[in-house]
file final-v5.cif (mmCIF, C-alpha atoms)
data_protein
loop_
_atom_site.label_atom_id
_atom_site.label_comp_id
_atom_site.auth_asym_id
_atom_site.auth_seq_id
_atom_site.Cartn_x
_atom_site.Cartn_y
_atom_site.Cartn_z
CA MET A 1 351.35 253.61 196.68
CA SER A 2 352.49 255.80 193.79
CA ALA A 3 350.87 255.43 190.38
CA SER A 4 354.31 254.70 188.92
CA THR A 5 354.50 251.42 190.85
CA ARG A 6 354.02 248.64 188.34
CA ILE A 7 352.71 245.32 189.57
CA PHE A 8 352.62 242.24 187.37
CA LEU A 9 349.90 239.74 188.28
CA ASP A 10 350.78 236.08 187.79
CA THR A 11 348.23 233.29 187.32
CA THR A 12 347.89 232.48 191.03
CA VAL A 13 346.88 236.04 191.93
CA GLN A 14 344.61 236.31 188.90
CA ILE A 15 342.78 233.19 190.13
CA GLU A 16 342.67 234.44 193.71
CA ARG A 17 341.30 237.86 192.90
CA VAL A 18 338.30 236.18 191.27
CA THR A 19 337.61 233.23 193.54
CA ALA A 20 339.37 233.67 196.88
CA THR A 21 337.86 234.47 200.24
CA ARG A 22 336.80 237.97 201.17
CA ALA A 23 339.90 238.56 203.31
CA CYS A 24 342.18 237.45 200.51
CA GLN A 25 340.40 239.57 197.89
CA GLU A 26 340.50 242.58 200.16
CA GLU A 27 344.24 242.10 200.57
CA ILE A 28 344.63 242.08 196.78
CA VAL A 29 342.47 245.22 196.52
CA ARG A 30 344.68 247.04 199.01
CA ALA A 31 347.83 245.81 197.30
CA LEU A 32 346.78 247.06 193.87
CA ALA A 33 345.22 250.36 194.90
CA GLY A 34 346.92 253.18 193.02
CA ALA A 35 349.41 250.95 191.20
CA GLN A 36 349.74 250.38 187.48
CA VAL A 37 348.57 246.79 187.10
CA ILE A 38 349.94 244.62 184.31
CA THR A 39 349.75 241.00 183.26
CA SER A 40 350.39 239.06 180.06
CA THR A 41 348.78 236.91 177.42
CA TYR A 42 350.98 234.03 178.63
CA VAL A 43 349.33 234.37 182.07
CA LEU A 44 345.96 234.51 180.31
CA GLY A 45 346.80 231.24 178.54
CA GLU A 46 347.60 229.64 181.91
CA TYR A 47 344.41 231.08 183.41
CA LEU A 48 342.35 229.64 180.55
CA ARG A 49 343.84 226.17 180.86
CA THR A 50 343.39 226.17 184.64
CA LEU A 51 340.45 228.15 186.03
CA VAL A 52 338.37 228.44 182.87
CA GLN A 53 339.00 224.79 181.98
CA ASP A 54 338.01 223.86 185.55
CA ALA A 55 334.75 225.77 185.10
CA LEU A 56 334.11 223.50 182.11
CA VAL A 57 334.88 220.45 184.26
CA LEU A 58 332.48 221.71 186.93
CA TYR A 59 329.80 222.41 184.32
CA ASN A 60 330.07 218.82 183.10
CA LEU A 61 329.91 217.47 186.65
CA VAL A 62 326.74 219.47 187.38
CA LEU A 63 325.28 218.32 184.07
CA GLN A 64 325.98 214.66 184.84
CA THR A 65 324.95 214.66 188.50
CA GLU A 66 321.38 214.47 189.74
CA GLN A 67 322.00 215.81 193.25
CA PRO A 68 324.14 218.94 193.72
CA HIS A 69 325.90 217.47 196.78
CA ASP A 70 327.09 214.59 194.61
CA VAL A 71 329.03 217.19 192.63
CA GLU A 72 331.29 217.66 195.65
CA THR A 73 331.94 213.92 195.77
CA ARG A 74 332.77 213.94 192.07
CA ILE A 75 335.12 216.89 192.57
CA ALA A 76 336.89 214.99 195.34
CA GLN A 77 337.31 212.06 192.96
CA LEU A 78 339.00 214.12 190.24
CA LEU A 79 342.46 212.75 189.56
CA ASN A 80 343.99 216.19 189.12
CA LYS A 81 343.93 217.53 192.68
CA LYS A 82 344.92 221.06 191.68
CA SER A 83 341.99 221.12 189.29
CA ALA A 84 339.77 219.73 192.07
CA SER A 85 340.82 222.52 194.39
CA ARG A 86 340.06 225.19 191.78
CA CYS A 87 336.69 223.53 191.07
CA LEU A 88 335.94 223.89 194.79
CA LEU A 89 336.85 227.59 194.64
CA LEU A 90 334.35 228.04 191.81
CA TRP A 91 331.79 225.91 193.66
CA ALA A 92 332.20 228.16 196.70
CA SER A 93 331.70 231.25 194.49
CA LEU A 94 328.44 229.80 193.21
CA HIS A 95 327.22 229.12 196.74
CA ARG A 96 328.32 232.56 197.91
CA ALA A 97 326.08 233.93 195.18
CA GLY A 98 323.18 231.90 196.57
CA VAL A 99 323.12 229.51 193.60
CA TYR A 100 322.27 225.92 194.60
CA GLU A 101 319.71 224.33 192.27
CA PRO A 102 321.10 222.42 189.24
CA ALA A 103 319.32 224.64 186.67
CA ASN A 104 320.65 227.79 188.30
CA LEU A 105 324.12 226.30 188.75
CA LEU A 106 324.26 225.59 185.03
CA ARG A 107 322.90 229.04 184.17
CA THR A 108 325.50 230.85 186.26
CA LEU A 109 328.32 228.57 185.15
CA ARG A 110 327.43 229.33 181.54
CA VAL A 111 327.94 233.03 182.29
CA TYR A 112 331.28 232.26 184.00
CA ILE A 113 332.43 230.19 181.02
CA GLU A 114 331.14 232.32 178.18
CA TYR A 115 332.63 235.61 179.37
CA GLY A 116 332.58 236.07 183.14
CA LEU A 117 335.94 234.56 184.02
CA ILE A 118 337.79 236.13 181.09
CA ASN A 119 336.10 239.47 181.78
CA ARG A 120 337.29 239.41 185.38
CA PHE A 121 340.83 238.49 184.29
CA MET A 122 340.98 241.80 182.43
CA VAL A 123 339.19 244.03 184.96
CA GLY A 124 341.58 246.58 186.46
CA ILE A 125 344.44 245.64 184.11
CA ASP A 126 346.21 248.69 182.70
CA GLU A 127 348.48 246.83 180.31
CA LEU A 128 348.43 243.35 178.79
CA LEU A 129 351.90 242.29 177.66
CA ASP A 130 352.05 240.05 174.60
CA ALA A 131 355.71 239.17 174.23
CA THR A 132 355.08 235.46 173.64
CA ALA A 133 351.98 235.94 171.41
CA CYS A 134 350.62 232.80 173.08
CA GLY A 135 348.19 231.05 170.73
CA LEU A 136 346.27 229.41 173.57
CA ALA A 137 345.49 232.84 175.04
CA ARG A 138 343.39 233.53 171.95
CA GLU A 139 341.22 230.46 172.57
CA HIS A 140 337.71 230.80 173.91
CA PRO A 141 335.31 228.16 175.24
CA ALA A 142 333.09 227.08 172.37
CA PRO A 143 329.72 225.34 172.75
CA GLN A 144 329.82 221.68 171.77
CA GLY A 145 326.54 219.82 172.08
CA GLU A 146 325.20 220.53 175.54
CA THR A 147 328.64 221.33 176.92
CA TYR A 148 331.77 223.31 175.93
CA ARG A 149 335.15 222.68 174.40
CA LEU A 150 338.32 224.66 175.08
CA ARG A 151 341.66 223.91 173.48
CA THR A 152 344.23 223.97 176.26
CA GLN A 153 347.13 222.17 174.64
CA CYS A 154 349.46 223.20 171.87
CA THR A 155 351.96 221.13 169.97
CA ARG A 156 355.54 221.80 169.00
CA LEU A 157 354.76 220.79 165.42
CA VAL A 158 352.44 223.75 164.88
CA LYS A 159 353.99 227.14 165.50
CA GLU A 160 351.41 229.48 167.00
CA CYS A 161 353.45 231.65 169.35
CA ASP A 162 356.74 233.52 169.61
CA LEU A 163 357.87 231.73 172.75
CA ALA A 164 361.01 230.25 171.21
CA GLU A 165 362.04 233.60 169.71
CA ARG A 166 361.56 235.40 173.03
CA LEU A 167 363.53 232.73 174.90
CA ALA A 168 366.32 233.02 172.35
CA GLU A 169 366.54 236.73 173.19
CA HIS A 170 367.03 235.82 176.85
CA ARG A 171 370.15 233.68 176.39
CA PRO A 172 372.18 235.51 179.06
CA HIS A 173 369.32 235.11 181.54
CA LEU A 174 368.90 231.44 180.64
CA ARG A 175 372.63 230.93 181.19
CA THR A 176 372.37 232.61 184.60
CA LEU A 177 369.45 230.38 185.55
CA ALA A 178 371.07 227.22 184.20
CA ASP A 179 374.19 227.88 186.27
CA GLY A 180 372.38 229.15 189.34
CA LEU A 181 369.76 226.42 189.60
CA LYS A 182 371.57 223.27 188.51
CA ASP A 183 372.54 222.32 192.08
CA HIS A 184 369.50 223.78 193.79
CA PRO A 185 368.29 221.64 196.75
CA ASP A 186 364.71 221.87 195.51
CA ALA A 187 364.55 219.13 192.87
CA ALA A 188 361.95 220.98 190.85
CA LEU A 189 364.10 224.09 190.61
CA ALA A 190 367.13 221.98 189.74
CA ARG A 191 365.02 220.55 186.91
CA THR A 192 364.27 224.11 185.78
CA GLY A 193 368.02 224.73 185.66
CA VAL A 194 368.52 221.65 183.48
CA PHE A 195 365.68 222.79 181.26
CA CYS A 196 367.27 226.25 180.88
CA ALA A 197 370.45 224.55 179.66
CA ARG A 198 368.41 222.67 177.05
CA LEU A 199 366.73 225.90 175.99
CA LEU A 200 370.15 227.44 175.40
CA GLU A 201 370.84 224.68 172.88
CA ASP A 202 367.41 224.77 171.26
CA PRO A 203 364.73 227.30 172.34
CA ASP A 204 362.17 225.41 170.22
CA VAL A 205 361.94 222.67 172.89
CA ALA A 206 359.83 225.13 174.92
CA ARG A 207 356.98 224.96 172.42
CA GLY A 208 354.18 222.49 173.11
CA ARG A 209 355.09 222.01 176.76
CA ASN A 210 351.78 222.97 178.25
CA CYS A 211 351.71 221.13 181.51
CA THR A 212 355.09 221.99 182.94
CA TRP A 213 354.79 224.58 185.68
CA TYR A 214 358.54 225.12 185.64
CA LEU A 215 358.38 226.36 182.06
CA GLY A 216 355.39 228.58 182.92
CA ASP A 217 357.15 230.13 185.91
CA LEU A 218 360.32 230.57 183.87
CA VAL A 219 358.49 232.37 181.05
CA ILE A 220 356.68 234.65 183.50
CA ALA A 221 359.91 235.49 185.33
CA LEU A 222 361.60 236.29 182.02
CA GLU A 223 358.77 238.42 180.60
CA LEU A 224 358.47 240.38 183.85
CA PRO A 225 359.56 243.96 183.00
CA SER A 226 362.56 245.16 184.97
CA ASP A 227 360.55 248.08 186.41
CA ALA A 228 357.68 245.89 187.61
CA ALA A 229 357.30 243.71 190.68
CA LEU A 230 355.77 240.25 190.42
CA TYR A 231 352.69 239.67 192.55
CA THR A 232 352.32 235.93 193.16
CA THR A 233 351.17 233.60 195.89
CA ASN A 234 353.77 231.10 194.69
CA ARG A 235 356.83 232.68 196.22
CA ARG A 236 358.56 229.33 196.74
CA HIS A 237 359.01 228.82 193.00
CA PHE A 238 359.43 232.43 191.96
CA GLU A 239 361.83 233.75 194.59
CA PRO A 240 364.89 231.78 193.37
CA LEU A 241 364.12 232.65 189.73
CA CYS A 242 363.58 236.36 190.37
CA SER A 243 366.57 236.58 192.67
CA LEU A 244 368.87 235.20 189.95
CA LEU A 245 367.31 237.46 187.31
CA GLY A 246 367.45 240.57 189.47
CA ARG A 247 363.67 240.97 189.36
CA GLN A 248 361.51 242.04 192.28
CA ILE A 249 358.70 240.13 193.95
CA TYR A 250 355.93 242.26 195.32
CA THR A 251 355.29 241.93 199.04
CA PRO A 252 351.98 243.48 200.11
CA GLN A 253 352.19 245.72 203.17
CA THR A 254 350.17 244.18 205.97
CA MET B 1 299.79 220.19 154.12
CA MET B 2 299.20 216.63 155.27
CA GLU B 3 300.30 215.21 158.56
CA LEU B 4 301.73 211.72 158.26
CA ARG B 5 302.10 209.54 161.33
CA LEU B 6 304.82 206.95 161.00
CA SER B 7 306.68 204.63 163.31
CA VAL B 8 310.48 204.94 163.54
CA THR B 9 310.87 201.87 161.31
CA GLU B 10 308.47 203.17 158.67
CA ALA B 11 310.10 206.61 158.68
CA ARG B 12 313.59 205.08 158.41
CA ASN B 13 312.58 202.99 155.40
CA ARG B 14 311.06 206.01 153.60
CA LEU B 15 313.41 208.71 154.83
CA PRO B 16 314.79 209.98 151.47
CA VAL B 17 311.26 210.37 150.05
CA LEU B 18 309.95 211.93 153.26
CA VAL B 19 312.75 214.53 153.33
CA GLY B 20 311.87 215.55 149.77
CA GLU B 21 308.17 215.83 150.61
CA VAL B 22 308.61 217.89 153.77
CA ALA B 23 311.14 220.15 152.01
CA GLU B 24 308.53 220.88 149.32
CA GLY B 25 305.96 221.64 152.01
CA LYS B 26 303.70 218.73 151.04
CA ASN B 27 303.84 216.87 154.34
CA GLN B 28 304.72 217.12 157.99
CA VAL B 29 305.82 213.83 159.48
CA VAL B 30 305.12 212.86 163.06
CA ILE B 31 307.32 210.01 164.30
CA THR B 32 305.68 207.74 166.85
CA THR B 33 306.88 205.06 169.19
CA ARG B 34 304.17 202.70 170.44
CA ASN B 35 301.64 205.03 168.78
CA GLU B 36 302.79 207.97 170.92
CA PRO B 37 303.98 211.03 168.95
CA LYS B 38 307.65 211.64 169.84
CA ALA B 39 309.22 213.79 167.11
CA VAL B 40 308.38 215.78 164.01
CA ILE B 41 310.12 216.16 160.67
CA ILE B 42 309.37 219.50 159.07
CA GLY B 43 310.93 221.39 156.17
CA TYR B 44 313.90 223.61 156.95
CA GLU B 45 312.10 226.73 155.74
CA ALA B 46 309.13 225.96 157.95
CA PHE B 47 311.52 225.37 160.85
CA GLN B 48 313.18 228.75 160.28
CA ARG B 49 309.78 230.45 160.09
CA GLN B 50 308.79 228.87 163.38
CA GLN B 51 312.08 229.93 164.94
CA ARG B 52 311.51 233.53 163.83
CA LEU B 53 307.98 233.49 165.25
CA ARG B 54 309.25 232.02 168.51
CA VAL B 55 311.94 234.71 168.83
CA GLN B 56 309.45 237.46 167.94
CA GLY B 57 307.05 236.15 170.56
CA ALA B 58 309.81 235.91 173.15
CA TRP B 59 310.99 239.43 172.28
CA ARG B 60 307.49 240.80 172.82
CA VAL B 61 307.24 239.01 176.17
CA LEU B 62 310.73 240.18 177.14
CA THR B 63 310.03 243.86 176.45
CA GLU B 64 306.74 243.68 178.36
CA LEU B 65 308.45 242.08 181.35
CA VAL B 66 311.30 244.61 181.26
CA SER B 67 308.75 247.45 181.23
CA GLU B 68 307.11 245.90 184.27
CA ALA B 69 310.47 245.56 186.03
CA GLN B 70 311.40 249.15 185.13
CA ALA B 71 308.12 250.35 186.63
CA LEU B 72 308.82 248.38 189.81
CA LEU B 73 312.31 249.90 190.01
CA ARG B 74 310.96 253.42 189.45
CA THR B 75 308.35 253.02 192.17
CA THR B 76 310.98 251.66 194.54
CA GLN B 77 313.39 254.49 193.74
CA GLU B 78 310.62 257.03 194.41
CA GLY B 79 309.81 255.25 197.69
CA CYS B 80 313.46 255.49 198.71
CA ARG B 81 313.38 259.28 198.43
CA GLY B 82 311.18 259.46 201.53
CA GLU B 83 312.47 259.63 205.05
CA GLY B 84 314.01 256.75 206.94
CA GLU B 85 316.00 253.70 205.92
CA PRO B 86 314.04 251.86 203.21
CA ASP B 87 313.73 248.10 203.41
CA LEU B 88 314.38 246.78 199.92
CA TYR B 89 313.67 243.14 200.76
CA LEU B 90 310.14 243.17 199.36
CA PHE B 91 311.41 244.83 196.20
CA LEU B 92 314.01 242.07 195.79
CA VAL B 93 311.38 239.35 196.20
CA SER B 94 309.13 240.86 193.50
CA PHE B 95 312.10 241.68 191.28
CA ALA B 96 313.31 238.05 191.52
CA ASP B 97 310.07 236.71 190.04
CA LEU B 98 310.22 239.18 187.17
CA LEU B 99 313.89 238.52 186.50
CA ARG B 100 313.32 234.77 186.36
CA ASP B 101 310.71 235.31 183.62
CA ILE B 102 312.92 237.87 181.87
CA TRP B 103 315.78 235.37 181.83
CA GLU B 104 313.53 232.66 180.36
CA ALA B 105 312.35 235.00 177.61
CA GLY B 106 315.94 236.21 177.09
CA GLU B 107 317.05 232.61 176.51
CA GLU B 108 314.77 232.53 173.47
CA VAL B 109 315.93 235.91 172.15
CA SER B 110 319.72 235.69 172.30
CA GLN B 111 322.64 234.45 174.37
CA ALA B 112 323.56 238.04 175.28
CA HIS B 113 320.05 238.88 176.49
CA ALA B 114 320.02 235.70 178.57
CA SER B 115 323.47 236.51 179.99
CA ILE B 116 322.57 240.04 181.08
CA ALA B 117 319.32 238.78 182.61
CA SER B 118 321.35 236.08 184.36
CA GLU B 119 323.69 238.72 185.84
CA LEU B 120 320.72 240.65 187.20
CA LEU B 121 319.18 237.46 188.54
CA ASP B 122 322.39 236.62 190.38
CA VAL B 123 322.70 240.15 191.78
CA ASN B 124 319.18 239.77 193.10
CA ARG B 125 319.98 236.39 194.65
CA ILE B 126 323.14 237.74 196.25
CA TYR B 127 321.24 240.50 198.01
CA LEU B 128 318.38 238.20 198.94
CA ALA B 129 320.56 235.43 200.31
CA GLY B 130 323.75 237.14 201.41
CA ASP B 131 324.73 239.32 204.33
CA ASP B 132 325.03 242.49 202.25
CA ARG B 133 322.02 244.73 201.83
CA LEU B 134 321.07 246.42 198.59
CA ARG B 135 321.50 250.17 198.93
CA PRO B 136 319.05 252.65 197.36
CA GLU B 137 321.80 254.25 195.26
CA GLN B 138 322.43 250.85 193.63
CA LEU B 139 318.96 250.83 192.09
CA ALA B 140 320.04 253.27 189.36
CA PRO B 141 322.84 251.05 187.95
CA LEU B 142 320.45 248.08 188.09
CA ALA B 143 317.88 250.11 186.15
CA HIS B 144 320.54 251.06 183.63
CA VAL B 145 321.53 247.45 182.95
CA LEU B 146 317.88 246.38 182.85
CA THR B 147 317.28 248.97 180.12
CA LEU B 148 319.99 247.33 178.02
CA LEU B 149 317.62 244.40 177.57
CA THR B 150 315.28 246.57 175.50
CA ARG B 151 317.94 246.73 172.78
CA ARG B 152 317.13 244.18 170.09
CA GLU B 153 320.77 243.68 169.11
CA LEU B 154 323.13 242.83 171.95
CA THR B 155 326.51 241.12 171.89
CA MET B 156 328.41 239.12 174.48
CA GLU B 157 330.74 242.12 174.79
CA ASP B 158 327.68 244.13 175.90
CA ALA B 159 327.08 241.50 178.58
CA ALA B 160 330.72 241.66 179.71
CA GLN B 161 330.54 245.45 179.77
CA ALA B 162 327.37 245.28 181.88
CA ASP B 163 329.26 243.15 184.41
CA ARG B 164 332.09 245.69 184.55
CA TYR B 165 329.60 248.54 184.81
CA LEU B 166 327.84 246.92 187.78
CA LEU B 167 331.21 246.19 189.36
CA SER B 168 332.24 249.82 189.04
CA HIS B 169 329.11 250.66 191.05
CA GLY B 170 329.98 248.20 193.81
CA ILE B 171 327.73 245.40 192.55
CA ASN B 172 329.63 242.17 192.15
CA ALA B 173 327.24 240.04 190.12
CA MET B 174 329.40 236.98 189.60
CA PHE B 175 331.94 236.42 192.30
CA PRO B 176 330.61 238.13 195.39
CA VAL B 177 332.77 238.32 198.47
CA GLN B 178 330.18 239.91 200.73
CA GLY B 179 331.95 243.21 200.74
CA ASP B 180 332.42 246.35 198.72
CA LEU B 181 335.36 245.68 196.47
CA VAL B 182 334.70 248.53 194.13
CA ALA B 183 338.13 249.96 194.99
CA LEU B 184 339.67 247.11 193.03
CA TYR B 185 338.00 248.50 189.98
CA ASP B 186 338.61 252.15 190.78
CA GLU B 187 338.41 253.34 187.20
CA GLN B 188 334.75 253.97 186.55
CA GLU B 189 333.51 251.86 183.69
CA PRO B 190 331.78 254.05 181.09
CA GLU B 191 328.07 253.50 180.84
CA PRO B 192 327.28 250.86 178.22
CA ALA B 193 326.07 252.62 175.08
#
call {"tool": "encode", "arguments": {"input": "final-v5.cif", "output": "structure tokens"}}
result
Amino acid sequence: MSASTRIFLDTTVQIERVTATRACQEEIVRALAGAQVITSTYVLGEYLRTLVQDALVLYNLVLQTEQPHDVETRIAQLLNKKSASRCLLLWASLHRAGVYEPANLLRTLRVYIEYGLINRFMVGIDELLDATACGLAREHPAPQGETYRLRTQCTRLVKECDLAERLAEHRPHLRTLADGLKDHPDAALARTGVFCARLLEDPDVARGRNCTWYLGDLVIALELPSDAALYTTNRRHFEPLCSLLGRQIYTPQT
Amino acid sequence: MMELRLSVTEARNRLPVLVGEVAEGKNQVVITTRNEPKAVIIGYEAFQRQQRLRVQGAWRVLTELVSEAQALLRTTQEGCRGEGEPDLYLFLVSFADLLRDIWEAGEEVSQAHASIASELLDVNRIYLAGDDRLRPEQLAPLAHVLTLLTRRELTMEDAAQADRYLLSHGINAMFPVQGDLVALYDEQEPEPA
């Protein structure tokens, strides 16, 4: 691959390159070899409120559980199943490192939380885009008593990013998406189309919407530079968006 | 300085006076429950002095342990220069014991010292428990990171840099995948200052 190839890593690939299986990580290694690798602070914000936040959840579970195997039961009982699955990825990483006893689990998790996960997010990244100036991307887990606190939610009432301004600059793209997705058979994508129409009227409605994947995917698709290809494991959501926006999705050579 | 022994109830009733007395260094108060000593109230200055002494003691222990670990690494590196494929398993077993103690001392010194010691401890565990074998050429980067612990002032960025440095030498201290993924991090991380 030529060094001029630019690959943008989305949140799913950022999570996988840290916690996935050997085969999956090796595939990512091959895919990125020789390319210029980029990502964004918006992706970092998503990474913090997913994988890093899940490390905090796991830390609390280990802290509250006497037997390590009970941690797995507690993970299974988590209401947020996506969070549970990421907790299991981290749990597998700990076991792969030969860490089993509660004291050692807590010790290694502290390293993950305090800098390990964020450090690995940035490893190998040639450029970190900051178009949205996401306030949550500047957050860091802070010790609180015997555990940690991480702010993962923002509110529309407090302006701490340039998301609305950036979306306002993308009015033609939002129009394209609103028109192209409104009758999409996938209900979630149709909802994205409706949301794009609302953003055309008032870009400020995007602020403070932390838990909506369709906004996250939309922002990532819009901030993706025209000369870069998006590397994601979530092709189902991104393909329609990128196709309408004329952006490329990276397909690793197998 | 007098040592007063008081029950929780007695201490609660006299707390404002007791705080003044311990702050002036007149008394130390031991709080008891069912006549068993459970907690101590001491003046803040005395507390800070004790903290400093504890850290100084831990620092002395840490530097001694690191010297011991460095000597073990040097001996092992010299042993590896001989003929044949060296078996580093015995080194890892001895190194593990030292690293455990280094981590405990590091916990008392600073978060960054504890974190770097923790990285080394996990590297050691990975090679002890996993399928991958430690290679002789990986002893030098381990020695380099170990030497970082002899610096009195370390930051969390130093710990993060140590992780990247190990990674750039094919040592994945945190998220091992039982394989050499150094190609992912093909730009060599500069040696931590």
call {"tool": "closest_residue", "arguments": {"input": "final-v5.cif", "among": "B:Val93, B:Cys80, B:Leu121, B:Val66", "to": "B:Glu137", "atoms": "only C-alpha atoms"}}
result
B:Cys80
call {"tool": "closest_atom_pairs", "arguments": {"input": "final-v5.cif", "of": "chain A", "to": "chain B", "cutoff": "9 Å", "atoms": "all atoms listed in the file", "output": "tab-separated table"}}
result
residue	atom	partner	partner_atom	distance
A:Val18	CA	B:Phe175	CA	6.4
A:Thr19	CA	B:Phe175	CA	6.6
A:Ala20	CA	B:Val177	CA	8.2
A:Thr21	CA	B:Val177	CA	6.6
A:Arg22	CA	B:Val177	CA	4.9
A:Ala23	CA	B:Val177	CA	8.6
A:Gln25	CA	B:Val177	CA	7.8
A:Glu26	CA	B:Leu181	CA	7.0
A:Ile28	CA	B:Leu184	CA	8.0
A:Val29	CA	B:Leu184	CA	4.9
A:Arg30	CA	B:Leu184	CA	7.8
A:Leu32	CA	B:Leu184	CA	7.2
A:Ala33	CA	B:Leu184	CA	6.7
A:Gly34	CA	B:Asp186	CA	8.7
A:Leu90	CA	B:Phe175	CA	8.7
A:Ser93	CA	B:Phe175	CA	5.6
A:Leu94	CA	B:Phe175	CA	7.5
A:Arg96	CA	B:Pro176	CA	6.5
A:Ala97	CA	B:Ile126	CA	4.9
A:Gly98	CA	B:Ala129	CA	5.8
A:Val99	CA	B:Arg125	CA	7.6
A:Arg107	CA	B:Ser118	CA	7.2
A:Thr108	CA	B:Ser118	CA	6.9
A:Arg110	CA	B:Ser115	CA	8.3
A:Val111	CA	B:Ser115	CA	6.1
A:Tyr112	CA	B:Met174	CA	7.6
A:Glu114	CA	B:Met156	CA	8.2
A:Tyr115	CA	B:Ala160	CA	6.4
A:Gly116	CA	B:Ala160	CA	6.8
A:Leu117	CA	B:Met174	CA	8.9
A:Asn119	CA	B:Ala160	CA	6.2
A:Arg120	CA	B:Arg164	CA	8.2
A:Val123	CA	B:Tyr185	CA	6.8
A:Gly124	CA	B:Tyr185	CA	5.4
call {"tool": "residues_around", "arguments": {"input": "final-v5.cif", "residues": "stretch 217-231 of chain A", "least_positions_apart": "5", "cutoff": "8 Å", "atoms": "all atoms listed in the file", "output": "PDB file with C-alpha atoms, in the coordinates of the input"}}
result
ATOM      1  CA  THR A   5     354.500 251.420 190.850  1.00  0.00           C
ATOM      2  CA  ARG A   6     354.020 248.640 188.340  1.00  0.00           C
ATOM      3  CA  ILE A   7     352.710 245.320 189.570  1.00  0.00           C
ATOM      4  CA  PHE A   8     352.620 242.240 187.370  1.00  0.00           C
ATOM      5  CA  LEU A   9     349.900 239.740 188.280  1.00  0.00           C
ATOM      6  CA  ASP A  10     350.780 236.080 187.790  1.00  0.00           C
ATOM      7  CA  VAL A  13     346.880 236.040 191.930  1.00  0.00           C
ATOM      8  CA  TYR A  42     350.980 234.030 178.630  1.00  0.00           C
ATOM      9  CA  VAL A  43     349.330 234.370 182.070  1.00  0.00           C
ATOM     10  CA  ALA A 131     355.710 239.170 174.230  1.00  0.00           C
ATOM     11  CA  LEU A 167     363.530 232.730 174.900  1.00  0.00           C
ATOM     12  CA  HIS A 170     367.030 235.820 176.850  1.00  0.00           C
ATOM     13  CA  HIS A 173     369.320 235.110 181.540  1.00  0.00           C
ATOM     14  CA  THR A 192     364.270 224.110 185.780  1.00  0.00           C
ATOM     15  CA  HIS A 237     359.010 228.820 193.000  1.00  0.00           C
ATOM     16  CA  PHE A 238     359.430 232.430 191.960  1.00  0.00           C
ATOM     17  CA  LEU A 241     364.120 232.650 189.730  1.00  0.00           C
ATOM     18  CA  CYS A 242     363.580 236.360 190.370  1.00  0.00           C
ATOM     19  CA  LEU A 245     367.310 237.460 187.310  1.00  0.00           C
ATOM     20  CA  ARG A 247     363.670 240.970 189.360  1.00  0.00           C
ATOM     21  CA  GLN A 248     361.510 242.040 192.280  1.00  0.00           C
ATOM     22  CA  ILE A 249     358.700 240.130 193.950  1.00  0.00           C
ATOM     23  CA  TYR A 250     355.930 242.260 195.320  1.00  0.00           C
ATOM     24  CA  THR A 251     355.290 241.930 199.040  1.00  0.00           C
TER      25      THR A 251
END
call {"tool": "residues_around", "arguments": {"input": "final-v5.cif", "residues": "A:Leu174", "least_positions_apart": "3", "cutoff": "10 Å", "atoms": "all atoms listed in the file", "output": "MDAnalysis selection string"}}
result
chainID A and resid 167:171 177:180 193 195:200 218 222 245
call {"tool": "residues_around", "arguments": {"input": "final-v5.cif", "residues": "stretch 58-72 of chain A", "least_positions_apart": "3", "cutoff": "9 Å", "atoms": "only C-alpha atoms", "output": "compact mmCIF listing (two decimals) with C-alpha atoms, in the frame of the given file"}}
result
# COMPACT_ATOMS: atom_id res chain seq x y z
CA GLN A 53 339.00 224.79 181.98
CA ASP A 54 338.01 223.86 185.55
CA ALA A 55 334.75 225.77 185.10
CA ILE A 75 335.12 216.89 192.57
CA ALA A 76 336.89 214.99 195.34
CA GLN A 77 337.31 212.06 192.96
CA CYS A 87 336.69 223.53 191.07
CA LEU A 88 335.94 223.89 194.79
CA LEU A 90 334.35 228.04 191.81
CA TRP A 91 331.79 225.91 193.66
CA TYR A 100 322.27 225.92 194.60
CA GLU A 101 319.71 224.33 192.27
CA PRO A 102 321.10 222.42 189.24
CA LEU A 105 324.12 226.30 188.75
CA LEU A 106 324.26 225.59 185.03
CA LEU A 109 328.32 228.57 185.15
CA ARG A 110 327.43 229.33 181.54
CA ILE A 113 332.43 230.19 181.02
CA GLU A 146 325.20 220.53 175.54
CA THR A 147 328.64 221.33 176.92
CA TYR A 148 331.77 223.31 175.93
call {"tool": "atom_distance", "arguments": {"input": "final-v5.cif", "atom1": "atom CA of B:Arg151", "atom2": "atom CA of B:His113"}}
result
8.9 Å
call {"tool": "residues_near_point", "arguments": {"input": "final-v5.cif", "point": "(319.3, 243.3, 173.7)", "cutoff": "9 Å", "atoms": "all atoms listed in the file", "output": "ChimeraX atom specification"}}
result
/B:106,109-110,112-113,116,147-155,158
call {"tool": "resolve_selection", "arguments": {"input": "final-v5.cif", "expression": "the PyMOL selection byres ((chain B and resi 72) around 12)", "output": "number ranges by chain"}}
result
B: 65-71, 73-79, 88, 90-99, 139, 142-143, 146
call {"tool": "axis_aligned_box", "arguments": {"input": "final-v5.cif", "around": "stretch 126-132 of chain A", "padding_each_side": "3 Å", "output": "JSON"}}
result
{"center_x": 351.0, "center_y": 242.1, "center_z": 178.2, "size_x": 15.5, "size_y": 19.2, "size_z": 15.1}
call {"tool": "resolve_selection", "arguments": {"input": "final-v5.cif", "expression": "the PyMOL selection byres ((chain A and resi 164) around 9)", "output": "NGL selection string"}}
result
:A and (132 or 161-163 or 165-169 or 199 or 202-207)
call {"tool": "atom_distance", "arguments": {"input": "final-v5.cif", "atom1": "atom CA of A:Gln153", "atom2": "atom CA of A:Gln14"}}
result
20.2 Å
